[in-house]
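Data block below; observations after.
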Amino acid sequence: MLREWLKVPETKYTAREIFSWLWRAWKGNRLQAILNAIIGLLSVVVSLSSVWAVQNAIDVASHAKQGSIYWAVGLMAGLILSEFGLNIASIWVQNILGIKAQNRMQQQLLDRLLRSEWHGKETRHSGDVLNRLEFDVSNVVTFLTQTIPGALSTTAMFLGAFIYLCTLDWRLALVITFMIPLFVLVSKIYVRQMRSLTRDVRNQDSKVQSVLQETVQHRMLIKTLESDEAAVDKLEGTQSVLRKKVVKRTIFSVFSNLVMNFGFALGYLVAFLWAAIQMSRGILTFGQMTAYLQLVNRIQSPARQLTKLVPAFVSVFTAAERLMELEEDPLEEQGTPIVFDPPCGVRLNHISYAYDEADGNVIRDLSFDFKPGSCTAVLGETGAGKTTIVRMILALLHPQSGTVELYNSKGSREMSPRMRANLVYVPQGNTLLSGTIRENLRLGRLDASDEDMKKALHLSCADFVMELPDGLDTQCAEQGGGLSEGQAQRISIARALLRDRSIMLFDEATSALDPDTERQLLQNILSKHDKTIIFITHRPAVVDYCDQTLHIDKI
């Protein structure tokens, strides 16, 4: 009934599944978690010892007990210095090991994304994925390495203070802690509702980041369309929804905290009144009353921290769910690359493919033989499926019927991700990454020497690189910023030539080149006749250099 009243939704993953995922994630962060737990437990010992030391110093100063006030204050000073040292150690562990843990999880998730199957249509915006890799990873790592160890020390503080207080007055200890079971009873409903609200906020935050990323990335287009105001209005609209969701979550959180804080305040007032009455009757010394109030604080403060575990669990469950979604796509076939002796060919055997059942087949019952050492132009109108054929040859997509085979004189085998070692691909458009030209070229072959790079640049008609002031060390901005489209294409082709594989696929890779440069580049690439080359093109000059053509008609 209460769940229906609060409109608590069902969740995508069960608590068991999320705990299992968090447990696997924790295995790589044990050192930091253990160190934080040890530091936290030592802090508990120092803190409770400080309560006794203050009580002892006050009783000595008020002559309620015998002793040296100098030794008493010296003990307090030693404990204060110990607390300083533990705080420094905690900060060091959290910052130095924390960034390593976060980096490690980001690397693992990115590696998982790169090795997962690709289905032709991205289901998530890149801004959303980046938001998850940054903020949700940070949330999970903080929870596993700091919150959980902190909960251990907090529990130890609560139990230690409770036992200490029991030695002074067991009835007061029970009165102070009686409200804790009430929090446990209501926490389940609170967790489910808060989890839903937090997920709504995180998802909307991802949308805001997606709008920001797209706007910055395409600001030249927006400027030329004079759509500056529309872009800002779109951001405002997305942010407005985010603000409403944050307000809704905040109202729920404030009301919950108000109820909890009222209980704690009432408990402290009861403890103070109790101790004051006991001291007025001469039952307690001033030092013991001070210890009472310190212990009450050391019971209530951990209890407050423990109640904060509820929103922490809510937050980490939401973050874990969002990261688990990134791992939903199955992994591609893994293992040692399968390399065929050149020359190799590619054979399409009655292949069909549809991205969406509603849209129907893009490719239907297509057969063709890209023979070893041949040069083929794949022609067809936009949307006919030319790029889809390339993706199936690259084993990025798998035909829903028929097969794609790689073959040579020794035999054939159905195309799989492990066989990409036989291919090199130059996609259409500007595909350079930010960094130096040298770093971009080495994506083709990590061990390429400067001479290898110069040779590849020459074959791709990109000798201009060596005439730049910084040569191979020239910096490229995002998407090859600072270079023309034609220059970027030629460097991309040089990168492909460095990879040096038996089969080369070019998807409109010369579209930004002038006719003379294109003709020279094609002569350089095709002069040896030692590769199987496939051109996706509309350019007549490319067709003239090819041995055969494949015409794709739009279905």
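Numbering starts fresh at 1 for the residues of each chain in the structure tokens, the chains themselves are lettered A, B, ... in the order given, and ligands are numbered from 1 as they appear.
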Worksheet item: In region 435-499 of chain A, what's strand (DSSP E) per DSSP? Answer as a PyMOL selection string?
Response: chain A and resi 435-436+475-476
Suppose we keep C-alpha atoms; can you now write the selection as an mmCIF file, in the first residue's frame?
```
data_model
loop_
_atom_site.group_PDB
_atom_site.id
_atom_site.type_symbol
_atom_site.label_atom_id
_atom_site.label_comp_id
_atom_site.auth_asym_id
_atom_site.auth_seq_id
_atom_site.Cartn_x
_atom_site.Cartn_y
_atom_site.Cartn_z
ATOM 1 C CA GLY A 435 47.180 14.817 -31.264
ATOM 2 C CA THR A 436 50.189 14.894 -33.573
ATOM 3 C CA GLN A 475 49.439 19.079 -33.768
ATOM 4 C CA CYS A 476 45.953 18.285 -35.066
#
```
Worksheet item: Can you list, as a list in words, every protein, DNA or RNA residue that comes within 12 Å of Asn361 (chain A) when you count only C-alpha atoms, leaving out same-chain residues fewer than 2 positions away?
Response: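 The neighbour list is Ile351, Ser352, Tyr353, Ala354, Tyr355, Asp356, Glu357, Ala358, Asp359, Ile363, Arg364, Asp365, Leu366, Gly383, Ala384, Gly385, Thr388, Pro399, Gln400, Ser401, Lys554 and Ile555 of chain A.
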Print the selection's residues with C-alpha atoms to a file, as a short mmCIF file (atom, residue, chain, number, x, y, z; two decimals), in the first residue's frame.
```cif
data_model
loop_
_atom_site.label_atom_id
_atom_site.label_comp_id
_atom_site.auth_asym_id
_atom_site.auth_seq_id
_atom_site.Cartn_x
_atom_site.Cartn_y
_atom_site.Cartn_z
CA ILE A 351 23.90 -12.16 -48.13
CA SER A 352 20.93 -10.18 -46.77
CA TYR A 353 20.81 -7.59 -44.02
CA ALA A 354 18.20 -5.33 -42.35
CA TYR A 355 18.97 -2.79 -39.63
CA ASP A 356 15.34 -2.76 -38.59
CA GLU A 357 12.53 -5.16 -39.38
CA ALA A 358 10.14 -2.28 -40.02
CA ASP A 359 12.48 -0.76 -42.64
CA ILE A 363 20.86 -5.82 -48.84
CA ARG A 364 18.93 -8.79 -50.25
CA ASP A 365 20.41 -12.04 -51.61
CA LEU A 366 23.62 -10.46 -52.89
CA GLY A 383 21.03 4.36 -49.17
CA ALA A 384 21.53 1.38 -51.47
CA GLY A 385 23.68 -0.42 -48.88
CA THR A 388 26.60 -1.89 -45.12
CA PRO A 399 24.53 -11.01 -42.50
CA GLN A 400 21.14 -12.25 -41.36
CA SER A 401 21.30 -14.80 -44.15
CA LYS A 554 18.32 0.48 -53.77
CA ILE A 555 15.60 -1.92 -52.62
#
```
Practice prompt. Write out as a VMD selection string all residues of region 242-381 of chain A that backbone DSSP assigns to alpha helix (DSSP H).
Written response: chain A and resid 242 to 280 286 to 326
Worksheet item: Of the candidates A:Val208, A:Ile503, A:Val141, A:Val254, which one gets nearest to Lys234 (chain A) if we count only C-alpha atoms?
Response: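 Of the candidates, the smallest distance to Lys234 (chain A) is held by A:Val208.
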Worksheet item: Lys245 (chain A): which residues within 9 Å, counting only C-alpha atoms, same-chain residues fewer than 5 positions away excluded, as a PyMOL selection string?
Response: chain A and resi 197-198+200-201+204+240+250
Could those selected residues go to a file with C-alpha atoms, as a PDB file, in the first residue's frame?
```
ATOM      1  CA  LEU A 197      14.363   9.907  -8.441  1.00  0.00           C
ATOM      2  CA  THR A 198      18.174   9.751  -8.633  1.00  0.00           C
ATOM      3  CA  ASP A 200      15.733  10.353 -13.413  1.00  0.00           C
ATOM      4  CA  VAL A 201      18.182  13.114 -12.455  1.00  0.00           C
ATOM      5  CA  GLN A 204      18.450  14.027 -17.587  1.00  0.00           C
ATOM      6  CA  SER A 240      14.667  23.104 -17.174  1.00  0.00           C
ATOM      7  CA  THR A 250      15.478  17.524  -3.141  1.00  0.00           C
TER       8      THR A 250
END
```
If we count only C-alpha atoms and set the cut-off at 12 Å, which residues sit around Ala33 (chain A), ignoring sequence neighbours fewer than 6 positions away in its own chain? Please answer as a compact mmCIF listing (two decimals) with N, CA, C and O atoms, in the first residue's frame.
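Just written: selection-v1.txt:
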```txt
# COMPACT_ATOMS: atom_id res chain seq x y z
N ALA A 25 33.48 -5.42 -9.18
CA ALA A 25 34.19 -4.15 -9.32
C ALA A 25 35.09 -3.88 -8.12
O ALA A 25 36.17 -3.30 -8.26
N TRP A 26 34.67 -4.33 -6.93
CA TRP A 26 35.45 -4.10 -5.71
C TRP A 26 36.75 -4.88 -5.71
O TRP A 26 37.74 -4.44 -5.12
N LYS A 27 36.78 -6.02 -6.38
CA LYS A 27 37.98 -6.87 -6.36
C LYS A 27 39.22 -6.14 -6.85
O LYS A 27 40.32 -6.41 -6.39
N ILE A 39 42.68 2.82 8.48
CA ILE A 39 42.80 4.20 8.96
C ILE A 39 41.54 4.59 9.74
O ILE A 39 41.61 5.24 10.79
N GLY A 40 40.36 4.18 9.23
CA GLY A 40 39.11 4.50 9.91
C GLY A 40 39.01 3.87 11.28
O GLY A 40 38.58 4.51 12.25
N SER A 90 44.60 9.50 5.46
CA SER A 90 43.33 9.26 4.78
C SER A 90 43.23 10.07 3.50
O SER A 90 42.82 9.54 2.45
N VAL A 93 45.58 8.54 0.81
CA VAL A 93 45.06 7.30 0.22
C VAL A 93 43.89 7.60 -0.71
O VAL A 93 43.81 7.07 -1.82
N GLN A 94 42.98 8.48 -0.28
CA GLN A 94 41.80 8.77 -1.09
C GLN A 94 42.16 9.46 -2.39
O GLN A 94 41.58 9.17 -3.44
N LEU A 97 45.41 6.89 -4.48
CA LEU A 97 44.89 5.61 -4.93
C LEU A 97 43.52 5.77 -5.57
O LEU A 97 43.12 4.98 -6.42
N GLY A 98 42.77 6.80 -5.15
CA GLY A 98 41.44 7.01 -5.70
C GLY A 98 41.45 7.30 -7.18
O GLY A 98 40.65 6.74 -7.94
N ALA A 101 42.18 4.13 -9.08
CA ALA A 101 41.02 3.24 -9.13
C ALA A 101 40.01 3.72 -10.16
O ALA A 101 39.46 2.92 -10.94
N VAL A 141 33.39 4.09 -7.65
CA VAL A 141 34.71 3.94 -7.03
C VAL A 141 34.72 4.56 -5.64
O VAL A 141 35.26 3.98 -4.69
N THR A 142 34.12 5.73 -5.49
CA THR A 142 34.05 6.39 -4.18
C THR A 142 33.29 5.52 -3.18
O THR A 142 33.71 5.37 -2.03
N PHE A 143 32.21 4.94 -3.62
CA PHE A 143 31.41 4.09 -2.74
C PHE A 143 32.21 2.86 -2.28
O PHE A 143 32.23 2.52 -1.09
N LEU A 144 32.88 2.21 -3.23
CA LEU A 144 33.59 0.96 -2.92
C LEU A 144 34.84 1.19 -2.08
O LEU A 144 35.17 0.37 -1.21
N THR A 145 35.53 2.29 -2.33
CA THR A 145 36.82 2.50 -1.68
C THR A 145 36.76 3.42 -0.47
O THR A 145 37.67 3.42 0.36
N GLN A 146 35.69 4.22 -0.35
CA GLN A 146 35.59 5.15 0.77
C GLN A 146 34.33 4.95 1.61
O GLN A 146 34.40 4.87 2.83
N THR A 147 33.18 4.86 0.95
CA THR A 147 31.93 4.78 1.70
C THR A 147 31.83 3.48 2.49
O THR A 147 31.49 3.51 3.69
N ILE A 148 32.12 2.36 1.84
CA ILE A 148 32.02 1.07 2.55
C ILE A 148 33.04 0.96 3.67
O ILE A 148 32.68 0.62 4.82
N PRO A 149 34.35 1.24 3.44
CA PRO A 149 35.29 1.25 4.57
C PRO A 149 34.88 2.25 5.64
O PRO A 149 35.05 2.00 6.84
N GLY A 150 34.34 3.41 5.21
CA GLY A 150 33.88 4.40 6.18
C GLY A 150 32.73 3.88 7.00
O GLY A 150 32.62 4.17 8.21
N ALA A 151 31.86 3.08 6.38
CA ALA A 151 30.73 2.50 7.12
C ALA A 151 31.23 1.52 8.19
O ALA A 151 30.66 1.42 9.28
N LEU A 152 32.33 0.81 7.88
CA LEU A 152 32.90 -0.12 8.86
C LEU A 152 33.40 0.63 10.08
O LEU A 152 33.10 0.26 11.23
N SER A 153 34.16 1.70 9.86
CA SER A 153 34.68 2.48 10.99
C SER A 153 33.55 3.21 11.72
O SER A 153 33.58 3.38 12.94
```
Practice prompt. Would you mind reading off the distance between CA of Lys528 (chain A) and CA of Leu483 (chain A), one decimal, in Å?
Written response: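 For CA of Lys528 (chain A) relative to CA of Leu483 (chain A), the distance reads 29.5 Å.
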Discussion item. One decimal, in Å: what's the spacing between CA of Leu457 (chain A) and CA of Arg490 (chain A)?
Written reply: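 Pair CA of Leu457 (chain A) / CA of Arg490 (chain A) returns 7.6 Å.
For Phe340 (chain A), the set of protein, DNA and RNA residues having any atom at most 12 Å away, when counting only C-alpha atoms and skipping those fewer than 2 positions along the same chain, is Pro337, Ile338, Pro342, Pro343, Cys344, Gly345, Val346, Pro372, Glu405, Leu406, Tyr407, Asn408, Ser409, Lys410, Gly411, Ser412, Arg413, Met415, Arg418, Met419, Arg420, Ala421, Asn422, Leu423, Arg501, Ser502 and Ile503 of chain A.
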Could those selected residues go to a file with C-alpha atoms, as a PDB file, in the first residue's frame?
```pdb
ATOM      1  CA  PRO A 337      43.980 -12.896 -34.924  1.00  0.00           C
ATOM      2  CA  ILE A 338      43.598 -15.234 -37.914  1.00  0.00           C
ATOM      3  CA  PRO A 342      48.269 -13.039 -49.402  1.00  0.00           C
ATOM      4  CA  PRO A 343      46.802 -12.607 -51.887  1.00  0.00           C
ATOM      5  CA  CYS A 344      43.314 -12.910 -50.360  1.00  0.00           C
ATOM      6  CA  GLY A 345      39.837 -12.427 -51.745  1.00  0.00           C
ATOM      7  CA  VAL A 346      36.397 -11.828 -50.288  1.00  0.00           C
ATOM      8  CA  PRO A 372      42.541 -11.855 -54.920  1.00  0.00           C
ATOM      9  CA  GLU A 405      34.047 -15.514 -46.719  1.00  0.00           C
ATOM     10  CA  LEU A 406      37.732 -14.662 -46.765  1.00  0.00           C
ATOM     11  CA  TYR A 407      39.732 -16.994 -48.971  1.00  0.00           C
ATOM     12  CA  ASN A 408      43.082 -17.634 -50.631  1.00  0.00           C
ATOM     13  CA  SER A 409      44.656 -20.495 -52.569  1.00  0.00           C
ATOM     14  CA  LYS A 410      44.769 -22.647 -49.408  1.00  0.00           C
ATOM     15  CA  GLY A 411      41.126 -22.414 -48.444  1.00  0.00           C
ATOM     16  CA  SER A 412      38.364 -20.192 -47.131  1.00  0.00           C
ATOM     17  CA  ARG A 413      36.744 -19.236 -43.845  1.00  0.00           C
ATOM     18  CA  MET A 415      34.510 -13.725 -41.851  1.00  0.00           C
ATOM     19  CA  ARG A 418      39.458 -12.205 -35.497  1.00  0.00           C
ATOM     20  CA  MET A 419      40.040 -11.974 -39.253  1.00  0.00           C
ATOM     21  CA  ARG A 420      40.148  -8.158 -39.375  1.00  0.00           C
ATOM     22  CA  ALA A 421      43.922  -8.582 -39.216  1.00  0.00           C
ATOM     23  CA  ASN A 422      43.718  -9.137 -42.996  1.00  0.00           C
ATOM     24  CA  LEU A 423      41.974  -5.853 -43.760  1.00  0.00           C
ATOM     25  CA  ARG A 501      47.108  -5.625 -45.099  1.00  0.00           C
ATOM     26  CA  SER A 502      46.024  -7.878 -47.957  1.00  0.00           C
ATOM     27  CA  ILE A 503      42.619  -6.297 -48.433  1.00  0.00           C
TER      28      ILE A 503
END
```
Discussion item. I want to know what sits within 8 Å of Phe286 (chain A), based on only C-alpha atoms, with residues of the same chain fewer than 5 positions away left out; could you give that as an MDAnalysis selection string?
Written reply: chainID A and resid 58:59 279
Worksheet item: Can you list, as a list in words, every protein, DNA or RNA residue that comes within 9 Å of Phe368 (chain A) when you count only C-alpha atoms, leaving out same-chain residues fewer than 3 positions away?
Response: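 The neighbour list is Val346, Arg347, Leu348, Asn349, His350 and Leu550 of chain A.
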Can you write out as JSON lines which residues of region 426-488 of chain A fall within 12 Å of region 212-221 of chain A, alongside each residue's closest atom pair and its distance in Å to one decimal, counting only C-alpha atoms and ordering rows by chain and ascending residue number?
```
{"residue": "A:Glu478", "atom": "CA", "partner": "A:Gln217", "partner_atom": "CA", "distance": 9.2}
{"residue": "A:Gln479", "atom": "CA", "partner": "A:Gln217", "partner_atom": "CA", "distance": 9.9}
{"residue": "A:Gly481", "atom": "CA", "partner": "A:Gln217", "partner_atom": "CA", "distance": 11.7}
```
Mind writing the picked residues with all heavy atoms as a PDB file, in the first residue's frame?
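Output (again39.pdb):
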```
ATOM      1  N   GLU A 478      40.758  18.542 -32.729  1.00  0.00           N
ATOM      2  CA  GLU A 478      39.697  17.544 -32.842  1.00  0.00           C
ATOM      3  C   GLU A 478      39.246  17.417 -34.290  1.00  0.00           C
ATOM      4  O   GLU A 478      39.052  18.406 -34.977  1.00  0.00           O
ATOM      5  CB  GLU A 478      38.518  17.962 -31.955  1.00  0.00           C
ATOM      6  CG  GLU A 478      37.387  16.959 -31.908  1.00  0.00           C
ATOM      7  CD  GLU A 478      36.255  17.435 -31.007  1.00  0.00           C
ATOM      8  OE1 GLU A 478      36.312  18.589 -30.548  1.00  0.00           O
ATOM      9  OE2 GLU A 478      35.323  16.650 -30.768  1.00  0.00           O
ATOM     10  N   GLN A 479      39.109  16.166 -34.769  1.00  0.00           N
ATOM     11  CA  GLN A 479      38.718  15.855 -36.143  1.00  0.00           C
ATOM     12  C   GLN A 479      39.648  16.522 -37.161  1.00  0.00           C
ATOM     13  O   GLN A 479      39.205  17.006 -38.206  1.00  0.00           O
ATOM     14  CB  GLN A 479      37.264  16.267 -36.398  1.00  0.00           C
ATOM     15  CG  GLN A 479      36.252  15.431 -35.609  1.00  0.00           C
ATOM     16  CD  GLN A 479      34.827  15.744 -35.989  1.00  0.00           C
ATOM     17  OE1 GLN A 479      34.471  16.891 -36.220  1.00  0.00           O
ATOM     18  NE2 GLN A 479      33.991  14.714 -36.043  1.00  0.00           N
ATOM     19  N   GLY A 481      41.395  19.263 -36.987  1.00  0.00           N
ATOM     20  CA  GLY A 481      41.337  20.715 -37.091  1.00  0.00           C
ATOM     21  C   GLY A 481      42.703  21.300 -37.376  1.00  0.00           C
ATOM     22  O   GLY A 481      43.699  20.891 -36.792  1.00  0.00           O
TER      23      GLY A 481
END
```
Fill in: One-decimal distance in Å that lies between CA of Asn203 (chain A) and CA of Phe317 (chain A)
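So the answer is 13.7 Å.
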